[in-house]
$ cat coords.txt   # compact mmCIF, C-alpha atoms
# COMPACT_ATOMS: atom_id res chain seq x y z
CA ASN A 1 -48.02 -42.35 -17.99
CA TYR A 2 -49.88 -44.20 -20.74
CA VAL A 3 -50.85 -41.19 -22.83
CA GLY A 4 -47.19 -40.29 -23.40
CA ALA A 5 -46.82 -43.61 -25.18
CA TYR A 6 -48.89 -42.12 -27.99
CA SER A 7 -46.82 -38.95 -28.35
CA ASP A 8 -45.24 -40.30 -31.54
CA LYS A 9 -48.75 -40.51 -33.05
CA LYS A 10 -49.68 -36.93 -32.16
CA LEU A 11 -50.04 -34.45 -34.98
CA LYS A 12 -47.02 -32.15 -35.02
CA VAL A 13 -48.29 -28.60 -35.40
CA SER A 14 -47.31 -25.09 -34.52
CA VAL A 15 -49.97 -23.94 -32.07
CA PRO A 16 -50.80 -20.24 -32.36
CA MET A 17 -50.51 -18.22 -29.18
CA SER A 18 -53.72 -17.13 -27.50
CA SER A 19 -54.36 -14.75 -24.64
CA ASN A 20 -57.85 -16.07 -23.88
CA ALA A 21 -58.61 -17.39 -20.40
CA ILE A 22 -58.15 -20.98 -19.29
CA LEU A 23 -61.40 -22.52 -18.03
CA TRP A 24 -62.53 -25.49 -15.96
CA PRO A 25 -63.80 -28.44 -18.05
CA PHE A 26 -67.25 -28.09 -16.44
CA ALA A 27 -69.09 -24.80 -15.83
CA SER A 28 -70.84 -25.95 -12.64
CA GLY A 29 -71.56 -28.90 -10.38
CA LEU A 30 -67.92 -29.98 -10.29
CA ARG A 31 -67.30 -33.20 -8.36
CA VAL A 32 -63.73 -34.43 -7.97
CA THR A 33 -62.46 -37.89 -7.07
CA ASP A 34 -58.94 -39.19 -7.59
CA HIS A 35 -56.25 -36.54 -7.61
CA TYR A 36 -52.84 -36.59 -9.29
CA GLY A 37 -50.28 -38.78 -7.51
CA SER A 38 -50.01 -42.19 -5.90
CA ARG A 39 -53.19 -44.15 -5.27
CA PHE A 40 -54.23 -47.69 -4.47
CA ILE A 41 -56.44 -49.15 -7.18
CA PHE A 42 -56.98 -52.54 -8.82
CA GLY A 43 -55.01 -54.20 -5.99
CA SER A 44 -51.82 -52.16 -6.25
CA THR A 45 -50.33 -48.71 -5.77
CA GLN A 46 -50.13 -46.80 -9.03
CA PHE A 47 -49.23 -43.25 -10.02
CA HIS A 48 -52.29 -41.38 -11.27
CA THR A 49 -51.25 -38.90 -13.96
CA GLY A 50 -54.38 -36.75 -13.97
CA GLN A 51 -57.36 -35.37 -12.12
CA ASP A 52 -60.63 -37.30 -12.15
CA PHE A 53 -63.95 -35.47 -12.28
CA ASP A 54 -66.90 -37.62 -11.18
CA MET A 55 -69.56 -36.27 -13.49
CA ALA A 56 -72.69 -38.00 -14.78
CA TYR A 57 -72.50 -40.14 -17.89
CA GLY A 58 -73.13 -37.91 -20.92
CA THR A 59 -72.16 -34.61 -19.25
CA PRO A 60 -70.60 -32.30 -21.88
CA VAL A 61 -66.84 -31.79 -21.44
CA HIS A 62 -65.48 -28.36 -22.36
CA ALA A 63 -62.03 -27.46 -23.70
CA ILE A 64 -60.00 -25.79 -20.95
CA ALA A 65 -58.11 -23.60 -23.44
CA ASP A 66 -57.86 -22.48 -27.03
CA GLY A 67 -55.76 -24.88 -29.06
CA VAL A 68 -55.32 -27.39 -31.83
CA VAL A 69 -56.50 -31.01 -31.66
CA THR A 70 -53.38 -33.15 -32.03
CA TYR A 71 -54.74 -36.65 -31.35
CA VAL A 72 -58.08 -38.43 -31.20
CA GLU A 73 -58.48 -42.08 -30.24
CA ASP A 74 -62.02 -43.42 -30.42
CA PRO A 75 -61.67 -45.67 -28.48
CA GLY A 76 -58.26 -46.63 -27.18
CA PRO A 77 -57.23 -49.39 -24.78
CA MET A 78 -56.30 -47.46 -21.62
CA CYS A 79 -57.59 -43.91 -21.89
CA GLY A 80 -60.64 -45.05 -23.84
CA ALA A 81 -62.15 -42.56 -26.22
CA SER A 82 -59.81 -39.59 -25.82
CA ILE A 83 -58.91 -36.26 -27.33
CA THR A 84 -55.64 -34.33 -26.94
CA ILE A 85 -55.54 -30.57 -27.46
CA ASP A 86 -52.27 -28.64 -27.58
CA SER A 87 -52.40 -25.03 -26.36
CA ASN A 88 -50.14 -22.00 -26.18
CA ILE A 89 -51.64 -19.50 -23.74
CA ASN A 90 -49.45 -16.40 -23.43
CA GLY A 91 -46.40 -18.55 -24.21
CA ASN A 92 -47.41 -21.26 -21.70
CA GLN A 93 -47.40 -24.39 -23.89
CA PHE A 94 -49.19 -27.52 -22.70
CA SER A 95 -51.38 -30.40 -23.80
CA ALA A 96 -54.73 -31.28 -22.25
CA VAL A 97 -55.78 -34.92 -22.56
CA TYR A 98 -59.43 -35.78 -21.95
CA CYS A 99 -59.98 -39.52 -21.30
CA HIS A 100 -62.82 -42.07 -20.86
CA ASN A 101 -65.26 -40.20 -23.12
CA GLN A 102 -68.29 -41.71 -24.84
CA VAL A 103 -67.40 -43.35 -28.14
CA GLY A 104 -68.36 -41.04 -30.99
CA SER A 105 -68.87 -38.00 -28.74
CA MET A 106 -65.83 -36.06 -29.94
CA PRO A 107 -66.82 -33.69 -32.76
CA PHE A 108 -63.25 -32.74 -33.67
CA LYS A 109 -60.44 -34.44 -35.59
CA ALA A 110 -56.68 -33.92 -35.50
CA GLY A 111 -55.81 -30.54 -36.97
CA ASP A 112 -59.05 -28.83 -35.92
CA THR A 113 -58.90 -25.60 -33.91
CA VAL A 114 -60.91 -25.35 -30.69
CA LYS A 115 -61.76 -22.46 -28.40
CA ALA A 116 -61.87 -22.58 -24.60
CA GLY A 117 -65.36 -23.66 -23.63
CA ASP A 118 -66.09 -25.64 -26.81
CA VAL A 119 -67.70 -29.01 -26.09
CA VAL A 120 -65.00 -31.54 -27.00
CA SER A 121 -66.67 -34.74 -25.76
CA LYS A 122 -69.14 -36.27 -23.32
CA VAL A 123 -68.28 -38.07 -20.08
CA GLY A 124 -68.18 -41.77 -20.74
CA LEU A 125 -67.07 -45.14 -19.49
CA THR A 126 -64.40 -46.25 -21.97
CA GLY A 127 -60.93 -47.65 -21.40
CA ILE A 128 -59.77 -48.79 -17.97
CA THR A 129 -62.15 -47.12 -15.54
CA THR A 130 -64.17 -47.77 -12.41
CA GLY A 131 -67.16 -45.68 -13.51
CA PRO A 132 -68.17 -42.73 -15.67
CA HIS A 133 -65.81 -39.79 -15.20
CA LEU A 134 -63.43 -37.45 -16.98
CA HIS A 135 -59.73 -38.11 -16.46
CA LEU A 136 -58.00 -34.84 -17.35
CA GLU A 137 -54.26 -34.71 -17.83
CA VAL A 138 -52.21 -31.57 -18.32
CA ARG A 139 -48.83 -32.26 -19.91
CA VAL A 140 -45.83 -29.99 -20.40
CA ARG A 141 -43.26 -31.34 -22.87
CA ASP A 142 -45.27 -34.60 -22.79
CA GLN A 143 -44.75 -35.00 -19.04
CA PRO A 144 -47.81 -34.94 -16.76
CA ILE A 145 -48.15 -32.17 -14.20
CA ASP A 146 -50.76 -31.86 -11.46
CA PRO A 147 -53.87 -30.41 -13.18
CA TRP A 148 -55.52 -29.19 -9.96
CA PRO A 149 -53.08 -26.40 -9.00
CA PHE A 150 -52.65 -25.59 -12.71
CA LEU A 151 -56.40 -25.02 -13.10
CA ILE A 152 -56.68 -23.06 -9.85
CA GLN A 153 -53.76 -20.82 -10.90
CA TYR A 154 -55.09 -20.11 -14.39
CA ALA A 155 -58.88 -20.67 -14.16
CA GLY A 156 -59.60 -19.59 -10.58
CA ASN A 157 -61.70 -21.33 -7.97
CA PRO A 158 -63.42 -24.58 -8.96
CA PRO A 159 -67.08 -24.31 -10.04
CA TYR A 160 -68.61 -26.61 -7.42

$ encode --input "coords.txt" --output "structure tokens"
Amino acid sequence: NYVGAYSDKKLKVSVPMSSNAILWPFASGLRVTDHYGSRFIFGSTQFHTGQDFDMAYGTPVHAIADGVVTYVEDPGPMCGASITIDSNINGNQFSAVYCHNQVGSMPFKAGDTVKAGDVVSKVGLTGITTGPHLHLEVRVRDQPIDPWPFLIQYAGNPPY
């Protein structure tokens, strides 16, 4: 639940509503590893607040939805180089947090507008991680929800 600790640092903005589609963060070749929920890692059981995508170092990461960048940390201690984008898709308000990116790979700053499919970073190896991957969190009212069923519901079948 580490990203929520930064919620007081997030830019407070009114996010315009969009009716554009929600997308997967990768267009093809999707490989998944750790899912949302309890897992055993680093010698203890911990609650994993996102979905990990095991993609090659440097793979472009795409915004899953239209939105406004509300926080960029480059890098941070836990999530590493990360970008948070707040979205309002047909009244469904949520934040997407993209973690463990390459330092300097995020072309946006807080306050910038992004479109679904824009490249927001590159897969990296920053923060607390066991290898290059994207840790994607979806948060509603700053509380993490399971990104996998959310993406399947709104973006369709995964692009394996």

$ residues_around --input "coords.txt" --residues "Met106 in chain A" --least-positions-apart "3" --cutoff "10 Å" --atoms "all atoms listed in the file" --output "list in words"
Val61, Val72, Glu73, Asp74, Ala81, Ser82, Ile83, Asn101, Gln102, Val103, Lys109, Val119, Val120, Ser121 and Lys122 of chain A

$ atom_distance --input "coords.txt" --atom1 "CA of Gly124 in chain A" --atom2 "CA of Thr70 in chain A"
20.5 Å

$ closest_residue --input "coords.txt" --among "A:Trp24, A:Leu30, A:Gly127, A:Met55" --to "Pro77 in chain A" --atoms "only C-alpha atoms"
A:Gly127

$ closest_residue --input "coords.txt" --among "A:Ala56, A:Met17, A:Ile64, A:Phe108" --to "Ile152 in chain A" --atoms "all atoms listed in the file"
A:Ile64

$ atom_distance --input "coords.txt" --atom1 "CA of Thr84 in chain A" --atom2 "CA of Gly37 in chain A"
20.6 Å

$ residues_around --input "coords.txt" --residues "range 131-147 of chain A" --least-positions-apart "4" --cutoff "10 Å" --atoms "all atoms listed in the file" --output "PyMOL selection string"
chain A and resi 1+3-7+25+31-37+48-59+61+64+79+82+84-86+92-102+121-126+151-153

$ closest_residue --input "coords.txt" --among "A:Gly104, A:Gly111, A:Pro158, A:Gly80" --to "Ser14 in chain A" --atoms "only C-alpha atoms"
A:Gly111

$ axis_aligned_box --input "coords.txt" --around "range 11-20 of chain A" --padding-each-side "4 Å" --output "JSON"
{"center_x": -52.4, "center_y": -24.6, "center_z": -29.6, "size_x": 18.8, "size_y": 27.7, "size_z": 19.5}

$ build_atoms --input "coords.txt" --residues "range 8-19 of chain A" --atoms "all heavy atoms" --output "PDB file, in the coordinates of the input"
ATOM      1  N   ASP A   8     -45.760 -40.180 -30.185  1.00  0.00           N
ATOM      2  CA  ASP A   8     -45.240 -40.300 -31.540  1.00  0.00           C
ATOM      3  C   ASP A   8     -46.366 -40.281 -32.573  1.00  0.00           C
ATOM      4  O   ASP A   8     -46.138 -40.043 -33.745  1.00  0.00           O
ATOM      5  CB  ASP A   8     -44.398 -41.564 -31.689  1.00  0.00           C
ATOM      6  CG  ASP A   8     -45.188 -42.834 -31.423  1.00  0.00           C
ATOM      7  OD1 ASP A   8     -46.071 -42.814 -30.545  1.00  0.00           O
ATOM      8  OD2 ASP A   8     -44.922 -43.841 -32.098  1.00  0.00           O
ATOM      9  N   LYS A   9     -47.606 -40.520 -32.144  1.00  0.00           N
ATOM     10  CA  LYS A   9     -48.750 -40.510 -33.050  1.00  0.00           C
ATOM     11  C   LYS A   9     -49.409 -39.133 -33.122  1.00  0.00           C
ATOM     12  O   LYS A   9     -50.231 -38.894 -33.993  1.00  0.00           O
ATOM     13  CB  LYS A   9     -49.797 -41.525 -32.581  1.00  0.00           C
ATOM     14  CG  LYS A   9     -49.316 -42.954 -32.595  1.00  0.00           C
ATOM     15  CD  LYS A   9     -50.410 -43.871 -32.092  1.00  0.00           C
ATOM     16  CE  LYS A   9     -49.942 -45.307 -31.996  1.00  0.00           C
ATOM     17  NZ  LYS A   9     -50.984 -46.177 -31.472  1.00  0.00           N
ATOM     18  N   LYS A  10     -49.061 -38.252 -32.192  1.00  0.00           N
ATOM     19  CA  LYS A  10     -49.680 -36.930 -32.160  1.00  0.00           C
ATOM     20  C   LYS A  10     -49.315 -36.129 -33.403  1.00  0.00           C
ATOM     21  O   LYS A  10     -48.195 -36.194 -33.887  1.00  0.00           O
ATOM     22  CB  LYS A  10     -49.245 -36.152 -30.919  1.00  0.00           C
ATOM     23  CG  LYS A  10     -49.952 -36.532 -29.659  1.00  0.00           C
ATOM     24  CD  LYS A  10     -49.461 -35.753 -28.452  1.00  0.00           C
ATOM     25  CE  LYS A  10     -49.459 -34.282 -28.660  1.00  0.00           C
ATOM     26  NZ  LYS A  10     -48.999 -33.514 -27.514  1.00  0.00           N
ATOM     27  N   LEU A  11     -50.277 -35.361 -33.876  1.00  0.00           N
ATOM     28  CA  LEU A  11     -50.040 -34.450 -34.980  1.00  0.00           C
ATOM     29  C   LEU A  11     -49.039 -33.395 -34.528  1.00  0.00           C
ATOM     30  O   LEU A  11     -49.161 -32.831 -33.447  1.00  0.00           O
ATOM     31  CB  LEU A  11     -51.376 -33.782 -35.355  1.00  0.00           C
ATOM     32  CG  LEU A  11     -51.393 -32.866 -36.551  1.00  0.00           C
ATOM     33  CD1 LEU A  11     -51.119 -33.661 -37.834  1.00  0.00           C
ATOM     34  CD2 LEU A  11     -52.745 -32.166 -36.643  1.00  0.00           C
ATOM     35  N   LYS A  12     -48.033 -33.161 -35.339  1.00  0.00           N
ATOM     36  CA  LYS A  12     -47.020 -32.150 -35.020  1.00  0.00           C
ATOM     37  C   LYS A  12     -47.434 -30.845 -35.688  1.00  0.00           C
ATOM     38  O   LYS A  12     -47.452 -30.750 -36.907  1.00  0.00           O
ATOM     39  CB  LYS A  12     -45.644 -32.573 -35.515  1.00  0.00           C
ATOM     40  CG  LYS A  12     -45.200 -33.961 -35.060  1.00  0.00           C
ATOM     41  CD  LYS A  12     -44.948 -34.037 -33.575  1.00  0.00           C
ATOM     42  CE  LYS A  12     -44.327 -35.348 -33.182  1.00  0.00           C
ATOM     43  NZ  LYS A  12     -45.157 -36.241 -32.440  1.00  0.00           N
ATOM     44  N   VAL A  13     -47.824 -29.876 -34.868  1.00  0.00           N
ATOM     45  CA  VAL A  13     -48.290 -28.600 -35.400  1.00  0.00           C
ATOM     46  C   VAL A  13     -47.703 -27.456 -34.597  1.00  0.00           C
ATOM     47  O   VAL A  13     -47.323 -27.620 -33.440  1.00  0.00           O
ATOM     48  CB  VAL A  13     -49.834 -28.485 -35.361  1.00  0.00           C
ATOM     49  CG1 VAL A  13     -50.483 -29.486 -36.295  1.00  0.00           C
ATOM     50  CG2 VAL A  13     -50.360 -28.639 -33.959  1.00  0.00           C
ATOM     51  N   SER A  14     -47.662 -26.308 -35.225  1.00  0.00           N
ATOM     52  CA  SER A  14     -47.310 -25.090 -34.520  1.00  0.00           C
ATOM     53  C   SER A  14     -48.627 -24.515 -33.988  1.00  0.00           C
ATOM     54  O   SER A  14     -49.535 -24.220 -34.773  1.00  0.00           O
ATOM     55  CB  SER A  14     -46.638 -24.113 -35.481  1.00  0.00           C
ATOM     56  OG  SER A  14     -46.368 -22.899 -34.822  1.00  0.00           O
ATOM     57  N   VAL A  15     -48.729 -24.398 -32.682  1.00  0.00           N
ATOM     58  CA  VAL A  15     -49.970 -23.940 -32.070  1.00  0.00           C
ATOM     59  C   VAL A  15     -49.902 -22.430 -31.896  1.00  0.00           C
ATOM     60  O   VAL A  15     -48.998 -21.914 -31.234  1.00  0.00           O
ATOM     61  CB  VAL A  15     -50.199 -24.635 -30.708  1.00  0.00           C
ATOM     62  CG1 VAL A  15     -51.477 -24.143 -30.058  1.00  0.00           C
ATOM     63  CG2 VAL A  15     -50.239 -26.152 -30.888  1.00  0.00           C
ATOM     64  N   PRO A  16     -50.835 -21.693 -32.506  1.00  0.00           N
ATOM     65  CA  PRO A  16     -50.800 -20.240 -32.360  1.00  0.00           C
ATOM     66  C   PRO A  16     -51.017 -19.808 -30.917  1.00  0.00           C
ATOM     67  O   PRO A  16     -51.748 -20.459 -30.171  1.00  0.00           O
ATOM     68  CB  PRO A  16     -51.938 -19.753 -33.266  1.00  0.00           C
ATOM     69  CG  PRO A  16     -52.749 -20.939 -33.595  1.00  0.00           C
ATOM     70  CD  PRO A  16     -51.943 -22.156 -33.315  1.00  0.00           C
ATOM     71  N   MET A  17     -50.363 -18.722 -30.541  1.00  0.00           N
ATOM     72  CA  MET A  17     -50.510 -18.220 -29.180  1.00  0.00           C
ATOM     73  C   MET A  17     -51.866 -17.549 -29.022  1.00  0.00           C
ATOM     74  O   MET A  17     -52.363 -16.898 -29.936  1.00  0.00           O
ATOM     75  CB  MET A  17     -49.387 -17.234 -28.829  1.00  0.00           C
ATOM     76  CG  MET A  17     -49.418 -16.852 -27.368  1.00  0.00           C
ATOM     77  SD  MET A  17     -47.858 -16.243 -26.676  1.00  0.00           S
ATOM     78  CE  MET A  17     -47.343 -15.020 -27.811  1.00  0.00           C
ATOM     79  N   SER A  18     -52.447 -17.740 -27.847  1.00  0.00           N
ATOM     80  CA  SER A  18     -53.720 -17.130 -27.500  1.00  0.00           C
ATOM     81  C   SER A  18     -53.565 -16.431 -26.163  1.00  0.00           C
ATOM     82  O   SER A  18     -52.740 -16.829 -25.336  1.00  0.00           O
ATOM     83  CB  SER A  18     -54.810 -18.204 -27.395  1.00  0.00           C
ATOM     84  OG  SER A  18     -56.000 -17.663 -26.854  1.00  0.00           O
ATOM     85  N   SER A  19     -54.358 -15.414 -25.944  1.00  0.00           N
ATOM     86  CA  SER A  19     -54.360 -14.750 -24.640  1.00  0.00           C
ATOM     87  C   SER A  19     -55.708 -14.940 -23.941  1.00  0.00           C
ATOM     88  O   SER A  19     -55.971 -14.315 -22.921  1.00  0.00           O
ATOM     89  CB  SER A  19     -54.035 -13.262 -24.784  1.00  0.00           C
ATOM     90  OG  SER A  19     -54.979 -12.652 -25.631  1.00  0.00           O
TER      91      SER A  19
END
